[in-house]
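Student: Supplied structure: query_7.txt, compact mmCIF, C-alpha atoms.
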# COMPACT_ATOMS: atom_id res chain seq x y z
CA LEU A 1 36.06 -148.87 40.42
CA PHE A 2 32.36 -148.93 41.13
CA GLY A 3 29.94 -147.75 38.46
CA GLY A 4 26.48 -149.20 38.19
CA ARG A 5 24.48 -146.91 35.92
CA GLY A 6 26.10 -146.67 32.49
CA GLY A 7 29.00 -144.60 31.18
CA TYR A 8 31.57 -142.82 33.34
CA LEU A 9 34.86 -140.95 33.19
CA GLY A 10 37.42 -142.21 35.69
CA ARG A 11 40.95 -141.41 36.77
CA ILE A 12 43.22 -142.90 39.44
CA LYS A 13 46.42 -141.84 41.21
CA LEU A 14 48.78 -143.44 43.71
CA TYR A 15 50.64 -141.41 46.36
CA GLU A 16 53.39 -142.67 48.65
CA LEU A 17 53.28 -141.36 52.23
CA GLY A 18 56.21 -143.28 53.71
CA LEU A 19 56.59 -145.13 57.00
CA GLU A 20 54.98 -142.39 59.11
CA GLY A 21 52.07 -141.78 56.76
CA GLY A 22 49.66 -143.73 58.91
CA ASP A 23 49.87 -141.31 61.84
CA ASN A 24 50.91 -138.16 60.03
CA GLU A 25 49.51 -137.94 56.52
CA GLY A 26 51.29 -135.36 54.38
CA ASP A 27 50.87 -134.50 50.73
CA GLY A 28 52.88 -137.55 49.72
CA GLU A 29 54.84 -138.27 46.54
CA LEU A 30 52.83 -138.93 43.40
CA LEU A 31 54.03 -142.29 42.05
CA ALA A 32 51.64 -142.80 39.15
CA GLU A 33 48.43 -141.52 37.58
CA THR A 34 46.24 -142.31 34.60
CA GLU A 35 44.60 -140.14 32.00
CA GLU A 36 40.86 -139.63 32.29
CA THR A 37 39.36 -142.84 30.91
CA GLN A 38 35.86 -143.65 29.69
CA PHE A 39 34.29 -146.86 30.96
CA VAL A 40 30.89 -148.51 31.08
CA CYS A 41 29.76 -150.33 34.18
CA GLY A 42 26.41 -151.96 34.79
CA ALA A 43 24.57 -152.50 38.05
CA ARG A 44 26.64 -154.29 40.70
CA GLU A 45 29.60 -154.50 38.34
CA LYS A 46 33.15 -153.27 38.82
CA TYR A 47 35.59 -151.82 36.29
CA ALA A 48 39.30 -152.67 36.51
CA MET A 49 41.21 -149.43 35.88
CA LEU A 50 44.94 -150.08 35.56
CA PHE A 51 48.10 -148.01 35.44
CA GLU A 52 50.22 -148.35 32.30
CA GLU A 53 52.56 -150.66 34.22
CA PRO A 54 52.66 -152.15 37.74
CA ILE A 55 53.83 -149.71 40.43
CA PRO A 56 56.34 -151.21 42.92
CA ILE A 57 55.38 -150.54 46.54
CA GLN A 58 57.18 -151.30 49.79
CA THR A 59 56.24 -153.23 52.89
CA ASN A 60 55.15 -151.14 55.90
CA TYR A 61 54.76 -148.00 53.79
CA TRP A 62 51.50 -146.07 53.62
CA TYR A 63 49.92 -145.09 50.31
CA VAL A 64 46.88 -143.16 49.14
CA ALA A 65 44.76 -144.73 46.38
CA TRP A 66 42.98 -141.75 44.80
CA ALA A 67 40.08 -142.02 42.36
CA ARG A 68 37.74 -139.56 40.66
CA ILE A 69 34.59 -140.73 38.89
CA SER A 70 32.42 -138.43 36.78
CA GLY A 71 29.02 -139.38 35.42
CA PRO A 72 25.75 -140.77 36.78
CA SER A 73 25.39 -141.59 40.44
CA SER A 74 27.55 -144.65 41.07
CA ASP A 75 27.38 -147.60 43.42
CA CYS A 76 29.17 -147.31 46.74
CA GLY A 77 30.73 -149.96 48.93
CA ALA A 78 29.82 -150.30 52.61
CA ASN A 79 31.12 -152.07 55.71
CA GLY A 80 34.74 -151.71 54.62
CA LEU A 81 37.55 -153.41 56.54
CA SER A 82 40.55 -151.73 58.16
CA SER A 83 42.69 -154.83 57.59
CA VAL A 84 42.56 -157.50 54.87
CA HIS A 85 44.58 -160.77 54.86
CA THR A 86 45.06 -162.26 51.40
CA ASP A 87 45.70 -165.83 50.30
CA ASP A 88 49.30 -164.79 49.52
CA SER A 89 49.86 -163.96 53.21
CA VAL A 90 49.93 -160.26 52.33
CA VAL A 91 48.20 -157.92 54.78
CA PHE A 92 46.69 -154.64 53.60
CA LYS A 93 45.77 -152.07 56.25
CA PHE A 94 43.42 -149.19 55.51
CA LYS A 95 42.61 -145.84 57.09
CA SER A 96 40.66 -142.79 56.03
CA SER A 97 42.56 -140.13 54.08
CA ARG A 98 42.35 -136.37 54.38
CA LYS A 99 42.45 -136.22 50.57
CA SER A 100 38.85 -137.43 50.54
CA ASN A 101 36.46 -134.59 49.71
CA ASN A 102 33.17 -136.46 49.27
CA GLY A 103 32.76 -138.31 52.55
CA THR A 104 34.38 -141.59 51.49
CA ASP A 105 36.40 -143.38 54.16
CA VAL A 106 37.41 -146.87 55.26
CA ASN A 107 33.77 -147.82 55.78
CA ALA A 108 32.31 -146.63 52.46
CA GLY A 109 33.77 -145.61 49.11
CA GLN A 110 34.17 -146.16 45.36
CA ILE A 111 37.26 -148.43 45.36
CA PRO A 112 36.04 -152.01 45.86
CA GLN A 113 39.29 -153.82 45.03
CA LEU A 114 43.05 -153.41 44.76
CA LEU A 115 44.68 -155.39 41.95
CA TYR A 116 48.21 -156.49 42.80
CA LYS A 117 50.79 -159.16 42.08
CA LEU A 118 53.84 -160.28 44.02
CA PRO A 119 57.29 -159.77 42.45
CA PRO A 120 59.48 -162.81 41.77
CA ARG A 121 61.52 -163.88 44.77
CA ASP A 122 64.81 -163.19 42.97
CA SER A 123 63.81 -159.65 41.93
CA PRO A 124 65.80 -156.74 43.43
CA ALA A 125 64.31 -154.76 46.29
CA VAL A 126 62.39 -151.60 45.51
CA THR A 127 64.50 -148.46 45.82
CA ARG A 128 62.90 -145.05 46.07
CA LYS A 129 64.50 -141.72 45.23
CA ALA A 130 64.59 -140.84 48.92
CA ASP A 131 66.68 -143.95 49.60
CA GLN A 132 69.25 -143.12 46.92
CA VAL A 133 72.13 -141.06 48.26
CA ASP A 134 74.42 -139.29 45.84
CA PRO A 135 78.10 -139.85 46.58
CA ALA A 136 79.87 -137.01 48.37
CA HIS A 137 83.00 -135.62 46.77
CA ILE A 138 85.61 -134.05 49.03
CA LEU A 139 86.93 -130.84 47.49
CA SER A 140 90.56 -129.91 47.92
CA PRO A 141 91.58 -126.42 49.13
CA GLU A 142 92.89 -125.71 45.64
CA PHE A 143 89.34 -125.96 44.26
CA SER A 144 88.30 -122.57 45.68
CA HIS A 145 91.74 -121.00 45.22
CA THR A 146 91.93 -121.34 41.46
CA VAL A 147 92.31 -117.73 40.36
CA THR A 148 91.65 -116.72 36.77
CA PRO A 149 91.01 -113.30 35.24
CA GLN A 150 87.41 -114.35 34.61
CA SER A 151 86.75 -115.49 38.19
CA LEU A 152 88.35 -112.34 39.61
CA GLU A 153 86.30 -110.14 37.28
CA ALA A 154 83.07 -111.93 38.26
CA LEU A 155 83.92 -111.49 41.94
CA LEU A 156 84.47 -107.75 41.47
CA LYS A 157 81.12 -107.38 39.69
CA LEU A 158 79.37 -109.23 42.51
CA LEU A 159 81.05 -107.03 45.12
CA GLU A 160 80.16 -103.86 43.22
CA ASN A 161 76.52 -104.91 42.82
CA SER A 162 76.17 -105.92 46.47
CA TRP A 163 77.71 -102.64 47.61
CA SER A 164 75.31 -100.66 45.41
CA ALA A 165 72.38 -102.66 46.79
CA LEU A 166 73.61 -102.01 50.32
CA HIS A 167 73.77 -98.28 49.66
CA ALA A 168 70.23 -98.31 48.28
CA THR A 169 68.78 -100.38 51.13
CA VAL A 170 70.30 -98.61 54.16
CA PRO A 171 68.18 -95.40 53.89
CA THR A 172 65.00 -97.49 53.68
CA ALA A 173 65.99 -99.62 56.66
CA THR A 174 66.89 -96.63 58.84
CA GLY A 175 63.58 -94.97 58.03
CA PHE A 176 61.64 -97.99 59.36
CA LYS A 177 58.89 -97.63 56.81
CA GLY A 178 56.83 -100.40 55.31
CA GLU A 179 57.71 -104.01 55.98
CA GLN A 180 60.61 -103.62 58.41
CA GLU A 181 61.39 -107.31 58.85
CA ASP A 182 61.67 -107.91 55.10
CA ILE A 183 63.94 -104.89 54.66
CA LEU A 184 66.23 -105.89 57.53
CA SER A 185 66.37 -109.47 56.26
CA GLU A 186 67.40 -108.23 52.82
CA LEU A 187 70.00 -105.96 54.42
CA GLN A 188 71.53 -108.89 56.31
CA ARG A 189 71.70 -110.91 53.10
CA ILE A 190 73.49 -108.10 51.25
CA VAL A 191 75.97 -107.60 54.10
CA PHE A 192 76.75 -111.32 54.10
CA ILE A 193 77.42 -111.29 50.34
CA SER A 194 79.62 -108.19 50.61
CA ARG A 195 81.70 -109.64 53.45
CA ALA A 196 82.12 -112.95 51.62
CA CYS A 197 83.26 -111.11 48.49
CA LEU A 198 85.81 -109.06 50.43
CA ARG A 199 87.25 -112.13 52.14
CA LEU A 200 87.51 -114.06 48.88
CA LEU A 201 89.04 -111.03 47.17
CA ARG A 202 91.72 -110.86 49.86
CA THR A 203 92.45 -114.57 49.31
CA TYR A 204 92.67 -114.14 45.54
CA VAL A 205 95.05 -111.20 45.75
CA ALA A 206 97.22 -113.05 48.28
CA ASP A 207 97.37 -116.01 45.88
CA ILE A 208 98.50 -113.79 43.01
CA TYR A 209 100.96 -111.74 45.09
CA PRO A 210 101.86 -113.83 48.16
CA ASP A 211 103.48 -112.14 51.13
CA GLY A 212 106.04 -114.90 51.56
CA VAL A 213 104.22 -116.62 54.43
CA LEU A 214 101.77 -118.70 52.41
CA LYS A 215 103.24 -121.75 50.69
CA ARG A 216 100.42 -122.45 48.26
CA LYS A 217 101.15 -122.78 44.59
CA THR A 218 100.58 -119.36 43.04
CA PRO A 219 99.02 -118.87 39.60
CA PRO A 220 101.35 -117.55 36.90
CA GLU A 221 101.18 -113.77 36.72
CA SER A 222 99.66 -112.35 33.57
CA ALA A 223 98.71 -108.93 32.26
CA GLN A 224 95.01 -109.75 32.67
CA LEU A 225 95.43 -110.78 36.31
CA ALA A 226 97.41 -107.62 37.00
CA GLU A 227 94.64 -105.53 35.42
CA ARG A 228 91.99 -107.23 37.54
CA VAL A 229 94.01 -106.56 40.70
CA GLY A 230 94.18 -102.91 39.64
CA ASP A 231 90.40 -102.93 39.15
CA ALA A 232 90.03 -104.35 42.66
CA ARG A 233 92.15 -101.53 44.08
CA ASP A 234 90.05 -98.90 42.26
CA LEU A 235 86.79 -100.46 43.46
CA LEU A 236 87.96 -100.57 47.07
CA ARG A 237 89.02 -96.94 46.86
CA ARG A 238 85.56 -95.95 45.61
CA ILE A 239 83.87 -97.95 48.37
CA LEU A 240 86.03 -96.42 51.10
CA ALA A 241 85.54 -92.91 49.70
CA GLU A 242 81.73 -93.11 49.84
CA ASN A 243 79.87 -91.76 52.84
So that I can check it, write out the structure of this file as structure tokens.
Tutor:
Amino acid sequence: LFGGRGGYLGRIKLYELGLEGGDNEGDGELLAETEETQFVCGAREKYAMLFEEPIPIQTNYWYVAWARISGPSSDCGANGLSSVHTDDSVVFKFKSSRKSNNGTDVNAGQIPQLLYKLPPRDSPAVTRKADQVDPAHILSPEFSHTVTPQSLEALLKLLENSWSALHATVPTATGFKGEQEDILSELQRIVFISRACLRLLRTYVADIYPDGVLKRKTPPESAQLAERVGDARDLLRRILAEN
């Protein structure tokens, strides 16, 4: 970083913008940052501020080198280049960033140098989080058809709560008062949950007491399952009896 007039406080960050960052700069992903660091820099001198460890970067990706310097007025570079070819045959391309809030750009700024080193030729390629894909696991039909007293009880509670919320929301929606779009959106969400609960409840009951058509393996009948089916019947009766 540039200094030039004594003691300063400095901090640096590195953001990754990706392949399209040159034409469409977004917020980017913060790869690394330093704590605020004190440094002393005389006239026409530069201070090498480093991250705790080297940050791997990828070819053809765009990055934002961010710096904040607090203290006396500091030196400023001029006549910056938009492209630099190094002795290692590495090419750095530069453009102005919308993160700049003090007028610095490609032509003038407080970052006179980038310190880098090339990885060994036999080192593995850099892999970012965005490039890592978690393996997909195919779920069998039995996964969602495993009926237990606990799962059936939880489903009934969800259905009861969604039905109560539906009853409380309908008068507000029909009155068309306040924020209509928000109310109608909430109503659609509640209806979706209620319908999903009813469909899953029908599947659960059919698994416990099959009608002879389905050939799935049925769970062993127990007193708890029978009680939960009775609770489902009582809840449906209450729902159908309400106006």
Student: One number please: atom CA of Leu9 of chain A to atom CA of Gln110 of chain A, in Å, one decimal.
Tutor: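 Atom CA of Gln110 of chain A lies 13.3 Å from atom CA of Leu9 of chain A.
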Student: Distance atom CA of Thr104 of chain A-atom CA of Val84 of chain A, one decimal place?
Tutor: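 According to the coordinates, atom CA of Thr104 of chain A and atom CA of Val84 of chain A are separated by 18.2 Å.
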Student: Would you list the contacts of segment 22-38 of chain A as an mmCIF file with C-alpha atoms, in the frame of the given file, taking every protein, DNA or RNA residue within 12 Å and counting all atoms listed in the file, but skipping same-chain residues closer than 3 positions in sequence?
Tutor:
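Just written: around07.cif:
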data_model
loop_
_atom_site.group_PDB
_atom_site.id
_atom_site.type_symbol
_atom_site.label_atom_id
_atom_site.label_comp_id
_atom_site.auth_asym_id
_atom_site.auth_seq_id
_atom_site.Cartn_x
_atom_site.Cartn_y
_atom_site.Cartn_z
ATOM 1 C CA LEU A 1 36.060 -148.870 40.420
ATOM 2 C CA GLY A 3 29.940 -147.750 38.460
ATOM 3 C CA GLY A 6 26.100 -146.670 32.490
ATOM 4 C CA GLY A 7 29.000 -144.600 31.180
ATOM 5 C CA TYR A 8 31.570 -142.820 33.340
ATOM 6 C CA LEU A 9 34.860 -140.950 33.190
ATOM 7 C CA GLY A 10 37.420 -142.210 35.690
ATOM 8 C CA ARG A 11 40.950 -141.410 36.770
ATOM 9 C CA ILE A 12 43.220 -142.900 39.440
ATOM 10 C CA LYS A 13 46.420 -141.840 41.210
ATOM 11 C CA LEU A 14 48.780 -143.440 43.710
ATOM 12 C CA TYR A 15 50.640 -141.410 46.360
ATOM 13 C CA GLU A 16 53.390 -142.670 48.650
ATOM 14 C CA LEU A 17 53.280 -141.360 52.230
ATOM 15 C CA GLY A 18 56.210 -143.280 53.710
ATOM 16 C CA LEU A 19 56.590 -145.130 57.000
ATOM 17 C CA CYS A 41 29.760 -150.330 34.180
ATOM 18 C CA TYR A 47 35.590 -151.820 36.290
ATOM 19 C CA ALA A 48 39.300 -152.670 36.510
ATOM 20 C CA MET A 49 41.210 -149.430 35.880
ATOM 21 C CA LEU A 50 44.940 -150.080 35.560
ATOM 22 C CA PHE A 51 48.100 -148.010 35.440
ATOM 23 C CA GLU A 52 50.220 -148.350 32.300
ATOM 24 C CA GLU A 53 52.560 -150.660 34.220
ATOM 25 C CA PRO A 54 52.660 -152.150 37.740
ATOM 26 C CA ILE A 55 53.830 -149.710 40.430
ATOM 27 C CA PRO A 56 56.340 -151.210 42.920
ATOM 28 C CA ILE A 57 55.380 -150.540 46.540
ATOM 29 C CA ASN A 60 55.150 -151.140 55.900
ATOM 30 C CA TYR A 61 54.760 -148.000 53.790
ATOM 31 C CA TRP A 62 51.500 -146.070 53.620
ATOM 32 C CA TYR A 63 49.920 -145.090 50.310
ATOM 33 C CA VAL A 64 46.880 -143.160 49.140
ATOM 34 C CA ALA A 65 44.760 -144.730 46.380
ATOM 35 C CA TRP A 66 42.980 -141.750 44.800
ATOM 36 C CA ALA A 67 40.080 -142.020 42.360
ATOM 37 C CA ARG A 68 37.740 -139.560 40.660
ATOM 38 C CA ILE A 69 34.590 -140.730 38.890
ATOM 39 C CA SER A 70 32.420 -138.430 36.780
ATOM 40 C CA GLY A 71 29.020 -139.380 35.420
ATOM 41 C CA LYS A 93 45.770 -152.070 56.250
ATOM 42 C CA PHE A 94 43.420 -149.190 55.510
ATOM 43 C CA LYS A 95 42.610 -145.840 57.090
ATOM 44 C CA SER A 96 40.660 -142.790 56.030
ATOM 45 C CA SER A 97 42.560 -140.130 54.080
ATOM 46 C CA ARG A 98 42.350 -136.370 54.380
ATOM 47 C CA LYS A 99 42.450 -136.220 50.570
ATOM 48 C CA ARG A 128 62.900 -145.050 46.070
ATOM 49 C CA LYS A 129 64.500 -141.720 45.230
ATOM 50 C CA ALA A 130 64.590 -140.840 48.920
#
Student: Go through A:Phe92, A:Gln224, A:Val147, A:Ser73 and flag the residue nearest Asp207 of chain A, using only C-alpha atoms for the distances.
Tutor: A:Val147
Student: May I have the residues within 8 Å of Leu152 of chain A as a list in words, using all atoms listed in the file and disregarding those fewer than 3 positions away in the same chain?
Tutor: Val147, Thr148, Pro149, Leu155, Leu156, Leu201, Tyr204, Leu225 and Arg228 of chain A
Student: What is the distance, in Å and to one decimal place, between atom CA of Ser74 of chain A and atom CA of Gly4 of chain A?
Tutor: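 One can read the atom CA of Ser74 of chain A to atom CA of Gly4 of chain A distance as 5.5 Å.
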Student: Taking only C-alpha atoms into account, which of A:Ala196, A:Leu184, A:Val106, A:Ile208 comes nearest Gly80 of chain A?
Tutor: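 Answer, going by the shortest atom-to-atom distance: A:Val106.
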Student: Pick out the closest residue to Gln188 of chain A from this set: A:Ser83, A:Glu45, A:Ala154, A:Val170. Count all atoms listed in the file.
Tutor: A:Val170
Student: At a cut-off of 12 Å, using only C-alpha atoms, what residues contact Leu236 of chain A? Leave out same-chain residues fewer than 4 positions from it and give the result as a list in words.
Tutor: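 Non-adjacent residues within range: Leu156, Leu159, Glu160, Trp163, Ser194, Cys197, Leu198, Leu201, Arg202, Val229, Gly230, Asp231, Ala232, Leu240, Ala241 and Glu242 of chain A.
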Student: When distances are computed from only C-alpha atoms, which of A:Leu118, A:Ala43, A:Leu158, A:Ala223 shows the smallest separation from Val90 of chain A?
Tutor: A:Leu118
Student: For Val40 of chain A, which residue among A:Gly21, A:Arg5, A:Tyr209, A:Ala226 is the nearest when counting only C-alpha atoms?
Tutor: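 Ranked by minimum distance to Val40 of chain A, first place goes to A:Arg5.
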Student: Could you rebuild segment 181-203 of chain A with N, CA and C atoms and give it back as a compact mmCIF listing (two decimals), in the frame of the given file?
Tutor:
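Result went into rebuild-v6.txt, see below:
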# COMPACT_ATOMS: atom_id res chain seq x y z
N GLU A 181 60.70 -106.03 58.75
CA GLU A 181 61.39 -107.31 58.85
C GLU A 181 61.95 -107.74 57.50
N ASP A 182 61.19 -107.53 56.43
CA ASP A 182 61.67 -107.91 55.10
C ASP A 182 62.88 -107.07 54.70
N ILE A 183 62.83 -105.78 55.02
CA ILE A 183 63.94 -104.89 54.66
C ILE A 183 65.21 -105.27 55.43
N LEU A 184 65.07 -105.52 56.72
CA LEU A 184 66.23 -105.89 57.53
C LEU A 184 66.79 -107.25 57.11
N SER A 185 65.91 -108.17 56.73
CA SER A 185 66.37 -109.47 56.26
C SER A 185 67.16 -109.32 54.96
N GLU A 186 66.68 -108.48 54.07
CA GLU A 186 67.40 -108.23 52.82
C GLU A 186 68.74 -107.55 53.09
N LEU A 187 68.76 -106.65 54.07
CA LEU A 187 70.00 -105.96 54.42
C LEU A 187 71.03 -106.95 54.95
N GLN A 188 70.60 -107.88 55.79
CA GLN A 188 71.53 -108.89 56.31
C GLN A 188 72.08 -109.76 55.19
N ARG A 189 71.24 -110.09 54.23
CA ARG A 189 71.70 -110.91 53.10
C ARG A 189 72.76 -110.17 52.29
N ILE A 190 72.53 -108.88 52.04
CA ILE A 190 73.49 -108.10 51.25
C ILE A 190 74.81 -107.96 51.99
N VAL A 191 74.74 -107.73 53.30
CA VAL A 191 75.97 -107.60 54.10
C VAL A 191 76.76 -108.90 54.06
N PHE A 192 76.07 -110.03 54.16
CA PHE A 192 76.75 -111.32 54.10
C PHE A 192 77.47 -111.50 52.77
N ILE A 193 76.80 -111.15 51.66
CA ILE A 193 77.42 -111.29 50.34
C ILE A 193 78.64 -110.38 50.22
N SER A 194 78.51 -109.14 50.70
CA SER A 194 79.62 -108.19 50.61
C SER A 194 80.82 -108.67 51.41
N ARG A 195 80.59 -109.16 52.62
CA ARG A 195 81.70 -109.64 53.45
C ARG A 195 82.37 -110.86 52.82
N ALA A 196 81.55 -111.76 52.26
CA ALA A 196 82.12 -112.95 51.62
C ALA A 196 82.97 -112.55 50.42
N CYS A 197 82.50 -111.57 49.65
CA CYS A 197 83.26 -111.11 48.49
C CYS A 197 84.60 -110.50 48.91
N LEU A 198 84.58 -109.70 49.97
CA LEU A 198 85.81 -109.06 50.43
C LEU A 198 86.82 -110.10 50.92
N ARG A 199 86.34 -111.10 51.64
CA ARG A 199 87.25 -112.13 52.14
C ARG A 199 87.84 -112.94 50.99
N LEU A 200 87.01 -113.29 50.02
CA LEU A 200 87.51 -114.06 48.88
C LEU A 200 88.44 -113.21 48.03
N LEU A 201 88.16 -111.92 47.92
CA LEU A 201 89.04 -111.03 47.17
C LEU A 201 90.42 -110.96 47.83
N ARG A 202 90.44 -110.88 49.15
CA ARG A 202 91.72 -110.86 49.86
C ARG A 202 92.50 -112.15 49.59
N THR A 203 91.79 -113.29 49.58
CA THR A 203 92.45 -114.57 49.31
C THR A 203 93.00 -114.62 47.90
